[in-house]
Every structure is written in structure tokens, then in C-alpha cells.
>>> print(open('query_7.tsv').read())   # TSV, C-alpha atoms
chain	number	residue	atom	x	y	z
A	1	MET	CA	-16.28	8.62	91.00
A	2	MET	CA	-17.13	7.05	87.70
A	3	TYR	CA	-14.03	8.48	86.03
A	4	ASP	CA	-11.52	7.43	88.69
A	5	GLN	CA	-10.29	4.52	86.55
A	6	TYR	CA	-9.32	6.78	83.64
A	7	ILE	CA	-6.27	8.93	83.17
A	8	THR	CA	-7.47	12.33	82.04
A	9	VAL	CA	-5.58	14.26	79.40
A	10	HIS	CA	-7.11	17.66	78.61
A	11	GLY	CA	-10.48	16.44	79.84
A	12	TYR	CA	-10.59	13.25	77.76
A	13	GLY	CA	-10.55	9.92	79.54
A	14	ILE	CA	-7.98	7.41	78.38
A	15	GLY	CA	-9.08	3.95	79.40
A	16	PRO	CA	-7.66	0.47	78.92
A	17	LEU	CA	-9.12	0.14	75.43
A	18	HIS	CA	-7.41	3.31	74.27
A	19	LEU	CA	-4.10	2.13	75.72
A	20	LEU	CA	-4.41	-1.21	73.91
A	21	ILE	CA	-5.10	0.56	70.62
A	22	VAL	CA	-2.08	2.81	71.06
A	23	ALA	CA	0.09	-0.18	71.97
A	24	ALA	CA	-1.05	-2.01	68.84
A	25	VAL	CA	-0.32	1.03	66.68
A	26	ILE	CA	3.23	1.08	68.07
A	27	ILE	CA	3.93	-2.68	68.13
A	28	VAL	CA	2.67	-3.73	64.67
A	29	PRO	CA	4.99	-1.57	62.51
A	30	PHE	CA	8.01	-2.20	64.71
A	31	TRP	CA	7.29	-5.95	64.57
A	32	GLN	CA	7.62	-5.70	60.77
A	33	ILE	CA	10.78	-3.60	60.97
A	34	PHE	CA	12.51	-5.94	63.41
A	35	SER	CA	11.45	-9.00	61.40
A	36	LYS	CA	12.71	-7.56	58.10
A	37	ALA	CA	16.00	-6.66	59.77
A	38	GLY	CA	16.41	-10.29	60.85
A	39	TYR	CA	15.67	-9.80	64.54
A	40	SER	CA	12.86	-11.35	66.53
A	41	GLY	CA	9.57	-9.51	66.18
A	42	TRP	CA	9.11	-9.79	69.93
A	43	LEU	CA	11.66	-6.99	70.32
A	44	SER	CA	8.92	-4.60	69.19
A	45	PHE	CA	7.47	-4.78	72.72
A	46	LEU	CA	10.54	-2.85	73.89
A	47	MET	CA	9.09	0.17	72.08
A	48	LEU	CA	6.52	0.47	74.88
A	49	LEU	CA	9.18	1.04	77.56
A	50	PRO	CA	10.53	4.56	78.02
A	51	PHE	CA	14.30	4.94	77.47
A	52	ILE	CA	14.60	1.25	76.59
A	53	ASN	CA	12.91	2.09	73.29
A	54	LEU	CA	15.66	4.62	72.51
A	55	ILE	CA	18.35	2.05	73.21
A	56	ALA	CA	16.59	-0.50	71.00
A	57	LEU	CA	16.29	2.04	68.17
A	58	TYR	CA	20.00	2.87	68.36
A	59	VAL	CA	20.90	-0.82	68.35
A	60	LEU	CA	18.61	-1.35	65.36
A	61	ALA	CA	20.02	1.66	63.52
A	62	PHE	CA	23.74	1.08	64.04
A	63	SER	CA	24.16	-2.70	64.25
A	64	ASP	CA	24.75	-5.14	61.41
A	65	TRP	CA	21.40	-6.66	60.58
A	66	PRO	CA	21.28	-10.46	60.53
A	67	ALA	CA	19.11	-10.36	57.40
A	68	LEU	CA	21.81	-8.45	55.51
A	69	ARG	CA	24.57	-10.73	56.80
A	70	LYS	CA	22.75	-13.74	55.33
A	71	LYS	CA	22.49	-12.01	51.94
A	72	ALA	CA	26.15	-10.98	51.94
A	73	ALA	CA	27.44	-14.42	52.89
A	74	PRO	CA	29.28	-16.06	49.97
A	75	LEU	CA	27.71	-19.16	48.51
A	76	ALA	CA	29.73	-22.33	48.94
>>> encode(input="query_7.tsv", output="C-alpha cells")
Amino acid sequence: MMYDQYITVHGYGIGPLHLLIVAAVIIVPFWQIFSKAGYSGWLSFLMLLPFINLIALYVLAFSDWPALRKKAAPLA
């Protein structure tokens, strides 16, 4: 009864604290990547959603980054 609130994986309970730690480990580096590419850092939360994260990675990988467009723009 005490362990009903935990998801068990190979006998180890994964509680809300563990899930928050894993989410932080995923969000923080992607926040930096999206920010350096010129996108909003908030897009890093898409990395927590299955299949949406793959779409976001492909968009990030194959699109023209706004940060690079600003550098390549000719000075007036």
C-alpha cells in the first residue's frame, strides 16, 4: 500500500522527486541549445513530450537558426 504512488522499474520506486530531477536534466541543456540557436528557451519543454521531441529536434537540426541569420545579415 505504501508504494502505490510510485512507478516501479526493476524494483526501484520512481517518485515525483525523481521525475522532477530527470525533467531538469533534460530541460536545462536543451534550454541552452534553443537559446543559442536563437529560439525561445521555452521550447525545451517540448523535449518532455514523446514524438513531439523528435519533431522539435528535426526542426532544430534542419531549419535556419535565427541567431545565424542575424550574424549573416549585411550591415547597413
>>> closest_residue(input="query_7.tsv", among="A:Leu19, A:Leu43, A:Lys36, A:Ala24", to="Leu57 of chain A", atoms="all atoms listed in the file")
A:Leu43
>>> residues_around(input="query_7.tsv", residues="Ala56 of chain A", least_positions_apart="2", cutoff="9 Å", atoms="only C-alpha atoms", output="list in words")
Leu43, Ser44, Leu46, Met47, Phe51, Ile52, Asn53, Leu54, Tyr58, Val59, Leu60 and Ala61 of chain A
>>> atom_distance(input="query_7.tsv", atom1="atom CA of Leu68 of chain A", atom2="atom CA of Val28 of chain A")
21.7 Å
>>> atom_distance(input="query_7.tsv", atom1="atom CA of Trp65 of chain A", atom2="atom CA of Tyr39 of chain A")
7.6 Å
>>> residues_around(input="query_7.tsv", residues="Ala67 of chain A", least_positions_apart="6", cutoff="12 Å", atoms="only C-alpha atoms", output="list in words")
Ile33, Phe34, Ser35, Lys36, Ala37, Gly38, Tyr39, Ser40 and Ala73 of chain A
>>> write_last_selection(input="query_7.tsv", atoms="C-alpha atoms", output="PDB file, in the frame of the given file")
ATOM      1  CA  ILE A  33      10.780  -3.600  60.970  1.00  0.00           C
ATOM      2  CA  PHE A  34      12.510  -5.940  63.410  1.00  0.00           C
ATOM      3  CA  SER A  35      11.450  -9.000  61.400  1.00  0.00           C
ATOM      4  CA  LYS A  36      12.710  -7.560  58.100  1.00  0.00           C
ATOM      5  CA  ALA A  37      16.000  -6.660  59.770  1.00  0.00           C
ATOM      6  CA  GLY A  38      16.410 -10.290  60.850  1.00  0.00           C
ATOM      7  CA  TYR A  39      15.670  -9.800  64.540  1.00  0.00           C
ATOM      8  CA  SER A  40      12.860 -11.350  66.530  1.00  0.00           C
ATOM      9  CA  ALA A  73      27.440 -14.420  52.890  1.00  0.00           C
TER      10      ALA A  73
END
>>> atom_distance(input="query_7.tsv", atom1="atom CA of Ala23 of chain A", atom2="atom CA of Pro66 of chain A")
26.2 Å
>>> closest_residue(input="query_7.tsv", among="A:Trp42, A:Leu17, A:Ile55, A:Arg69", to="Pro29 of chain A", atoms="all atoms listed in the file")
A:Trp42
>>> axis_aligned_box(input="query_7.tsv", around="segment 15-24 of chain A", padding_each_side="5 Å", output="JSON")
{"center_x": -4.5, "center_y": 1.0, "center_z": 74.1, "size_x": 19.2, "size_y": 16.0, "size_z": 20.6}
>>> closest_residue(input="query_7.tsv", among="A:Ala72, A:Ile27, A:His18, A:Phe62", to="Phe45 of chain A", atoms="all atoms listed in the file")
A:Ile27
